[in-house]
$ cat upload_3.cif   # mmCIF, C-alpha atoms
data_data
loop_
_atom_site.group_PDB
_atom_site.id
_atom_site.type_symbol
_atom_site.label_atom_id
_atom_site.label_comp_id
_atom_site.auth_asym_id
_atom_site.auth_seq_id
_atom_site.Cartn_x
_atom_site.Cartn_y
_atom_site.Cartn_z
ATOM 1 C CA THR A 1481 -165.053 -57.536 64.239
ATOM 2 C CA PRO A 1482 -162.881 -57.570 67.391
ATOM 3 C CA ASP A 1483 -165.986 -56.823 69.480
ATOM 4 C CA MET A 1484 -167.534 -60.118 68.354
ATOM 5 C CA PRO A 1485 -164.725 -62.697 68.116
ATOM 6 C CA ASN A 1486 -167.114 -65.661 67.898
ATOM 7 C CA VAL A 1487 -168.940 -64.287 64.845
ATOM 8 C CA TYR A 1488 -167.463 -65.044 61.452
ATOM 9 C CA ALA A 1489 -168.082 -66.196 57.933
ATOM 10 C CA ALA A 1490 -165.344 -68.120 56.128
ATOM 11 C CA PHE A 1491 -165.366 -68.833 52.400
ATOM 12 C CA LYS A 1492 -162.858 -71.567 51.537
ATOM 13 C CA THR A 1493 -161.732 -72.793 48.129
ATOM 14 C CA PRO A 1494 -159.744 -76.009 48.657
ATOM 15 C CA GLY A 1495 -159.419 -76.456 44.891
ATOM 16 C CA PRO A 1496 -159.788 -79.393 42.515
ATOM 17 C CA THR A 1497 -161.279 -82.545 43.995
ATOM 18 C CA GLY A 1498 -162.618 -85.933 43.051
ATOM 19 C CA ASP A 1499 -164.347 -86.302 46.434
ATOM 20 C CA THR A 1500 -168.051 -85.917 47.157
ATOM 21 C CA PRO A 1501 -169.498 -82.751 48.704
ATOM 22 C CA ALA A 1502 -170.745 -84.783 51.686
ATOM 23 C CA ASN A 1503 -167.241 -86.152 52.392
ATOM 24 C CA ILE A 1504 -165.668 -82.709 52.021
ATOM 25 C CA LEU A 1505 -168.312 -81.266 54.333
ATOM 26 C CA MET A 1506 -167.777 -83.808 57.088
ATOM 27 C CA SER A 1507 -163.982 -83.628 56.801
ATOM 28 C CA ASP A 1508 -164.029 -79.823 57.067
ATOM 29 C CA VAL A 1509 -166.424 -79.828 60.030
ATOM 30 C CA GLN A 1510 -164.372 -82.445 61.871
ATOM 31 C CA SER A 1511 -161.010 -80.764 61.216
ATOM 32 C CA THR A 1512 -162.267 -77.241 61.969
ATOM 33 C CA PHE A 1513 -164.558 -77.848 64.941
ATOM 34 C CA GLY A 1514 -164.038 -81.454 66.072
ATOM 35 C CA SER A 1515 -161.480 -80.622 68.770
ATOM 36 C CA GLN A 1516 -163.630 -77.889 70.332
ATOM 37 C CA PRO A 1517 -165.197 -78.615 73.735
ATOM 38 C CA GLY A 1518 -168.824 -79.656 73.565
ATOM 39 C CA TYR A 1519 -168.618 -80.354 69.822
ATOM 40 C CA ALA A 1520 -171.675 -82.274 68.643
ATOM 41 C CA ALA A 1521 -170.867 -84.387 65.580
ATOM 42 C CA PRO A 1522 -173.593 -83.804 62.980
ATOM 43 C CA THR A 1523 -175.151 -86.402 60.721
ATOM 44 C CA PRO A 1524 -174.091 -85.912 57.104
ATOM 45 C CA PRO A 1525 -176.926 -85.111 54.718
ATOM 46 C CA SER A 1526 -177.683 -87.812 52.148
ATOM 47 C CA ASP A 1527 -178.392 -85.242 49.434
ATOM 48 C CA ALA A 1528 -177.869 -81.571 48.746
ATOM 49 C CA ASN A 1529 -180.165 -79.690 51.100
ATOM 50 C CA ALA A 1530 -179.475 -76.040 50.231
ATOM 51 C CA THR A 1531 -179.192 -73.905 47.113
ATOM 52 C CA ILE A 1532 -176.672 -71.068 46.980
ATOM 53 C CA GLY A 1533 -175.890 -69.151 43.806
ATOM 54 C CA GLY A 1534 -178.109 -71.496 41.821
ATOM 55 C CA ALA A 1535 -175.993 -74.536 42.742
ATOM 56 C CA PRO A 1536 -176.885 -77.423 45.077
ATOM 57 C CA TRP A 1537 -174.963 -77.427 48.381
ATOM 58 C CA TYR A 1538 -174.718 -79.876 51.277
ATOM 59 C CA ALA A 1539 -175.296 -78.221 54.650
ATOM 60 C CA ILE A 1540 -175.088 -79.151 58.322
ATOM 61 C CA ALA A 1541 -175.515 -77.342 61.610
ATOM 62 C CA THR A 1542 -173.656 -78.136 64.823
ATOM 63 C CA ASN A 1543 -172.537 -76.560 68.072
ATOM 64 C CA TYR A 1544 -169.493 -76.352 70.303
ATOM 65 C CA ASN A 1545 -168.529 -74.343 73.391
ATOM 66 C CA ASP A 1546 -166.112 -71.412 73.342
ATOM 67 C CA SER A 1547 -163.367 -70.788 75.926
ATOM 68 C CA GLN A 1548 -165.955 -69.322 78.327
ATOM 69 C CA ASN A 1549 -168.125 -72.446 77.891
ATOM 70 C CA GLN A 1550 -170.732 -70.487 75.904
ATOM 71 C CA PRO A 1551 -172.478 -72.362 73.078
ATOM 72 C CA ILE A 1552 -171.463 -71.425 69.542
ATOM 73 C CA HIS A 1553 -173.699 -72.391 66.626
ATOM 74 C CA VAL A 1554 -172.112 -73.296 63.301
ATOM 75 C CA GLU A 1555 -173.560 -73.828 59.830
ATOM 76 C CA VAL A 1556 -171.301 -75.269 57.123
ATOM 77 C CA TYR A 1557 -172.121 -75.531 53.417
ATOM 78 C CA THR A 1558 -170.128 -77.444 50.779
ATOM 79 C CA THR A 1559 -170.394 -78.021 47.066
ATOM 80 C CA VAL A 1560 -168.285 -79.273 44.197
ATOM 81 C CA TYR A 1561 -168.693 -76.977 41.216
ATOM 82 C CA GLN A 1562 -166.910 -77.678 37.931
ATOM 83 C CA GLY A 1563 -164.612 -80.143 39.735
ATOM 84 C CA LYS A 1564 -163.577 -77.723 42.509
ATOM 85 C CA ALA A 1565 -164.556 -77.788 46.186
ATOM 86 C CA TYR A 1566 -166.134 -74.787 47.904
ATOM 87 C CA ILE A 1567 -166.903 -74.425 51.622
ATOM 88 C CA ILE A 1568 -168.794 -71.736 53.528
ATOM 89 C CA GLU A 1569 -168.629 -71.683 57.337
ATOM 90 C CA LEU A 1570 -170.889 -69.424 59.389
ATOM 91 C CA GLN A 1571 -170.718 -69.133 63.168
ATOM 92 C CA ALA A 1572 -172.086 -66.993 65.980
ATOM 93 C CA PRO A 1573 -173.064 -67.481 69.627
ATOM 94 C CA ALA A 1574 -176.118 -69.669 70.055
ATOM 95 C CA SER A 1575 -177.479 -67.990 73.193
ATOM 96 C CA ASN A 1576 -180.496 -65.689 73.123
ATOM 97 C CA GLY A 1577 -181.068 -66.237 69.398
ATOM 98 C CA GLU A 1578 -177.848 -64.405 68.527
ATOM 99 C CA PHE A 1579 -176.949 -66.759 65.668
ATOM 100 C CA ASP A 1580 -180.362 -66.273 64.061
ATOM 101 C CA SER A 1581 -180.088 -62.512 64.461
ATOM 102 C CA VAL A 1582 -176.596 -62.386 62.914
ATOM 103 C CA LYS A 1583 -177.703 -64.753 60.169
ATOM 104 C CA GLN A 1584 -180.638 -62.550 59.205
ATOM 105 C CA GLN A 1585 -178.632 -59.332 59.483
ATOM 106 C CA PHE A 1586 -175.413 -60.430 57.745
ATOM 107 C CA PHE A 1587 -175.099 -64.064 56.662
ATOM 108 C CA VAL A 1588 -178.234 -64.236 54.500
ATOM 109 C CA ASN A 1589 -177.044 -61.183 52.538
ATOM 110 C CA MET A 1590 -173.753 -62.938 51.820
ATOM 111 C CA LEU A 1591 -175.426 -66.182 50.779
ATOM 112 C CA VAL A 1592 -177.969 -64.611 48.432
ATOM 113 C CA LYS A 1593 -175.246 -62.570 46.706
ATOM 114 C CA PHE A 1594 -172.881 -65.529 46.285
ATOM 115 C CA GLN A 1595 -172.660 -66.779 42.723
ATOM 116 C CA PHE A 1596 -170.378 -68.689 40.439
ATOM 117 C CA LEU A 1597 -169.233 -66.601 37.497
ATOM 118 C CA PRO A 1598 -168.997 -68.159 34.048
ATOM 119 C CA THR A 1599 -165.466 -69.134 33.088
ATOM 120 C CA ALA A 1600 -163.903 -67.667 29.972
ATOM 121 C CA GLN A 1601 -163.737 -70.132 27.093
#
$ encode --input "upload_3.cif" --output "structure tokens"
Amino acid sequence: TPDMPNVYAAFKTPGPTGDTPANILMSDVQSTFGSQPGYAAPTPPSDANATIGGAPWYAIATNYNDSQNQPIHVEVYTTVYQGKAYIIELQAPASNGEFDSVKQQFFVNMLVKFQFLPTAQ
């Protein structure tokens, strides 16, 4: 929404990959948020630490500052499913619990409805 430019959910499908979910996760986070002011490089998870749509996903949380120097919280999830990479990025302002509020109101609904459909044989 134009009223909330720092709130968004992005669902990316980079396509076929031979890379690991952890490497894809860290590459996406670095390329998407690494140049932002105040970016805090997260530690990659050693194992899948989330389940979305019945599949294991690797997830991290980090922060950066927007153009008004306000903290923005980001959660990024990545998986490789049937040889293809999938990435979900969620972000909202970190101040006053806004990220948690937006997550509960909108993001959780998206995540619990996400699923991989069976492919036709």
$ atom_distance --input "upload_3.cif" --atom1 "CA of Asp1527 in chain A" --atom2 "CA of Asn1486 in chain A"
29.2 Å
$ resolve_selection --input "upload_3.cif" --expression "the PyMOL selection byres ((chain A and resi 1548) around 12)" --output "PDB file with C-alpha atoms, in the coordinates of the input"
ATOM      1  CA  ASN A1486    -167.114 -65.661  67.898  1.00  0.00           C
ATOM      2  CA  GLN A1516    -163.630 -77.889  70.332  1.00  0.00           C
ATOM      3  CA  PRO A1517    -165.197 -78.615  73.735  1.00  0.00           C
ATOM      4  CA  GLY A1518    -168.824 -79.656  73.565  1.00  0.00           C
ATOM      5  CA  TYR A1544    -169.493 -76.352  70.303  1.00  0.00           C
ATOM      6  CA  ASN A1545    -168.529 -74.343  73.391  1.00  0.00           C
ATOM      7  CA  ASP A1546    -166.112 -71.412  73.342  1.00  0.00           C
ATOM      8  CA  SER A1547    -163.367 -70.788  75.926  1.00  0.00           C
ATOM      9  CA  ASN A1549    -168.125 -72.446  77.891  1.00  0.00           C
ATOM     10  CA  GLN A1550    -170.732 -70.487  75.904  1.00  0.00           C
ATOM     11  CA  PRO A1551    -172.478 -72.362  73.078  1.00  0.00           C
ATOM     12  CA  ILE A1552    -171.463 -71.425  69.542  1.00  0.00           C
ATOM     13  CA  PRO A1573    -173.064 -67.481  69.627  1.00  0.00           C
TER      14      PRO A1573
END
$ resolve_selection --input "upload_3.cif" --expression "the PyMOL selection byres ((chain A and resi 1558) around 6)" --output "list in words"
Pro1501, Leu1505, Trp1537, Tyr1538, Tyr1557, Thr1559, Tyr1566 and Ile1567 of chain A
$ atom_distance --input "upload_3.cif" --atom1 "CA of Gly1495 in chain A" --atom2 "CA of Ala1520 in chain A"
27.4 Å
$ resolve_selection --input "upload_3.cif" --expression "the PyMOL selection byres ((chain A and resi 1521) around 10)" --output "compact mmCIF listing (two decimals) with C-alpha atoms, in the frame of the given file"
# COMPACT_ATOMS: atom_id res chain seq x y z
CA MET A 1506 -167.78 -83.81 57.09
CA VAL A 1509 -166.42 -79.83 60.03
CA GLN A 1510 -164.37 -82.44 61.87
CA PHE A 1513 -164.56 -77.85 64.94
CA GLY A 1514 -164.04 -81.45 66.07
CA GLY A 1518 -168.82 -79.66 73.56
CA TYR A 1519 -168.62 -80.35 69.82
CA ALA A 1520 -171.68 -82.27 68.64
CA PRO A 1522 -173.59 -83.80 62.98
CA THR A 1523 -175.15 -86.40 60.72
CA PRO A 1524 -174.09 -85.91 57.10
CA ILE A 1540 -175.09 -79.15 58.32
CA ALA A 1541 -175.52 -77.34 61.61
CA THR A 1542 -173.66 -78.14 64.82
CA ASN A 1543 -172.54 -76.56 68.07
CA TYR A 1544 -169.49 -76.35 70.30
$ closest_residue --input "upload_3.cif" --among "A:Gln1595, A:Thr1512, A:Asn1503, A:Ser1575" --to "Pro1536 in chain A" --atoms "all atoms listed in the file"
A:Gln1595
$ residues_near_point --input "upload_3.cif" --point "(-176.2, -67.7, 49.7)" --cutoff "12 Å" --atoms "all atoms listed in the file" --output "count of residues only"
31
$ atom_distance --input "upload_3.cif" --atom1 "CA of Val1487 in chain A" --atom2 "CA of Val1582 in chain A"
8.1 Å
$ closest_residue --input "upload_3.cif" --among "A:Ala1565, A:Ala1528, A:Ala1572, A:Val1554" --to "Pro1494 in chain A" --atoms "all atoms listed in the file"
A:Ala1565
$ closest_residue --input "upload_3.cif" --among "A:Thr1497, A:Asp1508, A:Gln1562, A:His1553" --to "Leu1597 in chain A" --atoms "all atoms listed in the file"
A:Gln1562
$ closest_residue --input "upload_3.cif" --among "A:Pro1525, A:Asp1483, A:Ser1511, A:Val1560" --to "Pro1496 in chain A" --atoms "all atoms listed in the file"
A:Val1560
$ closest_residue --input "upload_3.cif" --among "A:Met1484, A:Pro1598, A:Lys1492, A:Thr1500" --to "Gly1563 in chain A" --atoms "all atoms listed in the file"
A:Thr1500
$ axis_aligned_box --input "upload_3.cif" --around "range 1528-1547 of chain A" --padding-each-side "3 Å" --output "lines of an AutoDock Vina configuration file"
center_x = -171.8
center_y = -75.4
center_z = 58.9
size_x = 22.8
size_y = 18.4
size_z = 40.1
$ decode --input "upload_3.cif" --residues "range 1583-1596 of chain A" --atoms "all heavy atoms" --output "mmCIF file, in the first residue's frame"
data_model
loop_
_atom_site.group_PDB
_atom_site.id
_atom_site.type_symbol
_atom_site.label_atom_id
_atom_site.label_comp_id
_atom_site.auth_asym_id
_atom_site.auth_seq_id
_atom_site.Cartn_x
_atom_site.Cartn_y
_atom_site.Cartn_z
ATOM 1 N N LYS A 1583 2.835 -8.714 10.979
ATOM 2 C CA LYS A 1583 3.021 -10.154 10.791
ATOM 3 C C LYS A 1583 1.776 -10.915 11.214
ATOM 4 O O LYS A 1583 1.290 -11.783 10.488
ATOM 5 C CB LYS A 1583 4.249 -10.641 11.566
ATOM 6 C CG LYS A 1583 4.546 -12.121 11.340
ATOM 7 C CD LYS A 1583 5.827 -12.554 12.029
ATOM 8 C CE LYS A 1583 6.119 -14.018 11.761
ATOM 9 N NZ LYS A 1583 7.367 -14.458 12.404
ATOM 10 N N GLN A 1584 1.253 -10.591 12.387
ATOM 11 C CA GLN A 1584 0.063 -11.294 12.876
ATOM 12 C C GLN A 1584 -1.169 -10.991 12.025
ATOM 13 O O GLN A 1584 -1.988 -11.865 11.776
ATOM 14 C CB GLN A 1584 -0.204 -10.941 14.341
ATOM 15 C CG GLN A 1584 0.794 -11.540 15.287
ATOM 16 C CD GLN A 1584 0.944 -13.038 15.120
ATOM 17 O OE1 GLN A 1584 -0.031 -13.785 15.066
ATOM 18 N NE2 GLN A 1584 2.180 -13.511 15.013
ATOM 19 N N GLN A 1585 -1.281 -9.743 11.566
ATOM 20 C CA GLN A 1585 -2.463 -9.350 10.805
ATOM 21 C C GLN A 1585 -2.441 -9.849 9.362
ATOM 22 O O GLN A 1585 -3.479 -10.215 8.817
ATOM 23 C CB GLN A 1585 -2.608 -7.831 10.833
ATOM 24 C CG GLN A 1585 -3.903 -7.339 10.237
ATOM 25 C CD GLN A 1585 -4.079 -5.834 10.422
ATOM 26 O OE1 GLN A 1585 -3.210 -5.142 10.924
ATOM 27 N NE2 GLN A 1585 -5.209 -5.329 9.979
ATOM 28 N N PHE A 1586 -1.256 -9.848 8.728
ATOM 29 C CA PHE A 1586 -1.178 -10.159 7.300
ATOM 30 C C PHE A 1586 -0.231 -11.307 6.961
ATOM 31 O O PHE A 1586 -0.613 -12.237 6.247
ATOM 32 C CB PHE A 1586 -0.740 -8.919 6.505
ATOM 33 C CG PHE A 1586 -1.662 -7.755 6.652
ATOM 34 C CD1 PHE A 1586 -1.291 -6.641 7.386
ATOM 35 C CD2 PHE A 1586 -2.923 -7.767 6.062
ATOM 36 C CE1 PHE A 1586 -2.152 -5.565 7.533
ATOM 37 C CE2 PHE A 1586 -3.789 -6.692 6.190
ATOM 38 C CZ PHE A 1586 -3.396 -5.583 6.936
ATOM 39 N N PHE A 1587 1.014 -11.228 7.425
ATOM 40 C CA PHE A 1587 2.036 -12.169 6.979
ATOM 41 C C PHE A 1587 1.718 -13.609 7.376
ATOM 42 O O PHE A 1587 1.915 -14.526 6.578
ATOM 43 C CB PHE A 1587 3.413 -11.771 7.490
ATOM 44 C CG PHE A 1587 3.933 -10.455 6.978
ATOM 45 C CD1 PHE A 1587 4.899 -9.759 7.686
ATOM 46 C CD2 PHE A 1587 3.469 -9.897 5.788
ATOM 47 C CE1 PHE A 1587 5.399 -8.551 7.224
ATOM 48 C CE2 PHE A 1587 3.961 -8.679 5.325
ATOM 49 C CZ PHE A 1587 4.928 -8.011 6.047
ATOM 50 N N VAL A 1588 1.258 -13.831 8.599
ATOM 51 C CA VAL A 1588 0.967 -15.194 9.038
ATOM 52 C C VAL A 1588 -0.100 -15.820 8.138
ATOM 53 O O VAL A 1588 0.009 -16.986 7.759
ATOM 54 C CB VAL A 1588 0.551 -15.231 10.526
ATOM 55 C CG1 VAL A 1588 -0.035 -16.585 10.907
ATOM 56 C CG2 VAL A 1588 1.747 -14.918 11.408
ATOM 57 N N ASN A 1589 -1.111 -15.042 7.765
ATOM 58 C CA ASN A 1589 -2.155 -15.562 6.868
ATOM 59 C C ASN A 1589 -1.569 -16.011 5.538
ATOM 60 O O ASN A 1589 -1.989 -17.021 4.975
ATOM 61 C CB ASN A 1589 -3.244 -14.512 6.628
ATOM 62 C CG ASN A 1589 -4.103 -14.285 7.848
ATOM 63 O OD1 ASN A 1589 -4.267 -15.168 8.669
ATOM 64 N ND2 ASN A 1589 -4.639 -13.092 7.978
ATOM 65 N N MET A 1590 -0.618 -15.263 5.015
ATOM 66 C CA MET A 1590 0.027 -15.651 3.761
ATOM 67 C C MET A 1590 0.827 -16.932 3.938
ATOM 68 O O MET A 1590 0.764 -17.835 3.093
ATOM 69 C CB MET A 1590 0.964 -14.542 3.278
ATOM 70 C CG MET A 1590 0.295 -13.299 2.818
ATOM 71 S SD MET A 1590 1.564 -12.131 2.262
ATOM 72 C CE MET A 1590 0.890 -10.630 2.897
ATOM 73 N N LEU A 1591 1.584 -17.010 5.023
ATOM 74 C CA LEU A 1591 2.455 -18.168 5.236
ATOM 75 C C LEU A 1591 1.663 -19.450 5.477
ATOM 76 O O LEU A 1591 2.044 -20.507 4.978
ATOM 77 C CB LEU A 1591 3.420 -17.905 6.394
ATOM 78 C CG LEU A 1591 4.419 -16.776 6.168
ATOM 79 C CD1 LEU A 1591 5.257 -16.550 7.429
ATOM 80 C CD2 LEU A 1591 5.304 -17.025 4.973
ATOM 81 N N VAL A 1592 0.574 -19.371 6.228
ATOM 82 C CA VAL A 1592 -0.176 -20.604 6.497
ATOM 83 C C VAL A 1592 -0.968 -21.073 5.279
ATOM 84 O O VAL A 1592 -1.315 -22.245 5.186
ATOM 85 C CB VAL A 1592 -1.110 -20.484 7.729
ATOM 86 C CG1 VAL A 1592 -0.307 -20.204 8.978
ATOM 87 C CG2 VAL A 1592 -2.197 -19.473 7.528
ATOM 88 N N LYS A 1593 -1.231 -20.175 4.337
ATOM 89 C CA LYS A 1593 -1.953 -20.570 3.120
ATOM 90 C C LYS A 1593 -1.017 -21.021 2.000
ATOM 91 O O LYS A 1593 -1.457 -21.628 1.026
ATOM 92 C CB LYS A 1593 -2.825 -19.415 2.632
ATOM 93 C CG LYS A 1593 -3.988 -19.157 3.556
ATOM 94 C CD LYS A 1593 -4.815 -17.987 3.096
ATOM 95 C CE LYS A 1593 -5.951 -17.751 4.089
ATOM 96 N NZ LYS A 1593 -6.716 -16.557 3.772
ATOM 97 N N PHE A 1594 0.275 -20.721 2.138
ATOM 98 C CA PHE A 1594 1.239 -21.089 1.102
ATOM 99 C C PHE A 1594 1.363 -22.606 1.048
ATOM 100 O O PHE A 1594 1.477 -23.268 2.068
ATOM 101 C CB PHE A 1594 2.613 -20.476 1.408
ATOM 102 C CG PHE A 1594 3.631 -20.758 0.344
ATOM 103 C CD1 PHE A 1594 3.829 -19.866 -0.694
ATOM 104 C CD2 PHE A 1594 4.384 -21.921 0.370
ATOM 105 C CE1 PHE A 1594 4.765 -20.133 -1.683
ATOM 106 C CE2 PHE A 1594 5.316 -22.189 -0.613
ATOM 107 C CZ PHE A 1594 5.502 -21.294 -1.642
ATOM 108 N N GLN A 1595 1.341 -23.132 -0.169
ATOM 109 C CA GLN A 1595 1.552 -24.571 -0.341
ATOM 110 C C GLN A 1595 2.099 -24.861 -1.734
ATOM 111 O O GLN A 1595 1.897 -24.076 -2.653
ATOM 112 C CB GLN A 1595 0.267 -25.353 -0.091
ATOM 113 C CG GLN A 1595 -0.871 -24.992 -1.030
ATOM 114 C CD GLN A 1595 -2.124 -25.769 -0.682
ATOM 115 O OE1 GLN A 1595 -2.061 -26.972 -0.484
ATOM 116 N NE2 GLN A 1595 -3.250 -25.085 -0.629
ATOM 117 N N PHE A 1596 2.793 -25.958 -1.833
ATOM 118 C CA PHE A 1596 3.260 -26.436 -3.111
ATOM 119 C C PHE A 1596 2.201 -27.376 -3.666
ATOM 120 O O PHE A 1596 1.751 -28.288 -2.981
ATOM 121 C CB PHE A 1596 4.599 -27.173 -2.978
ATOM 122 C CG PHE A 1596 5.722 -26.265 -2.596
ATOM 123 C CD1 PHE A 1596 6.230 -26.254 -1.304
ATOM 124 C CD2 PHE A 1596 6.287 -25.403 -3.524
ATOM 125 C CE1 PHE A 1596 7.271 -25.422 -0.948
ATOM 126 C CE2 PHE A 1596 7.330 -24.554 -3.175
ATOM 127 C CZ PHE A 1596 7.820 -24.559 -1.886
#
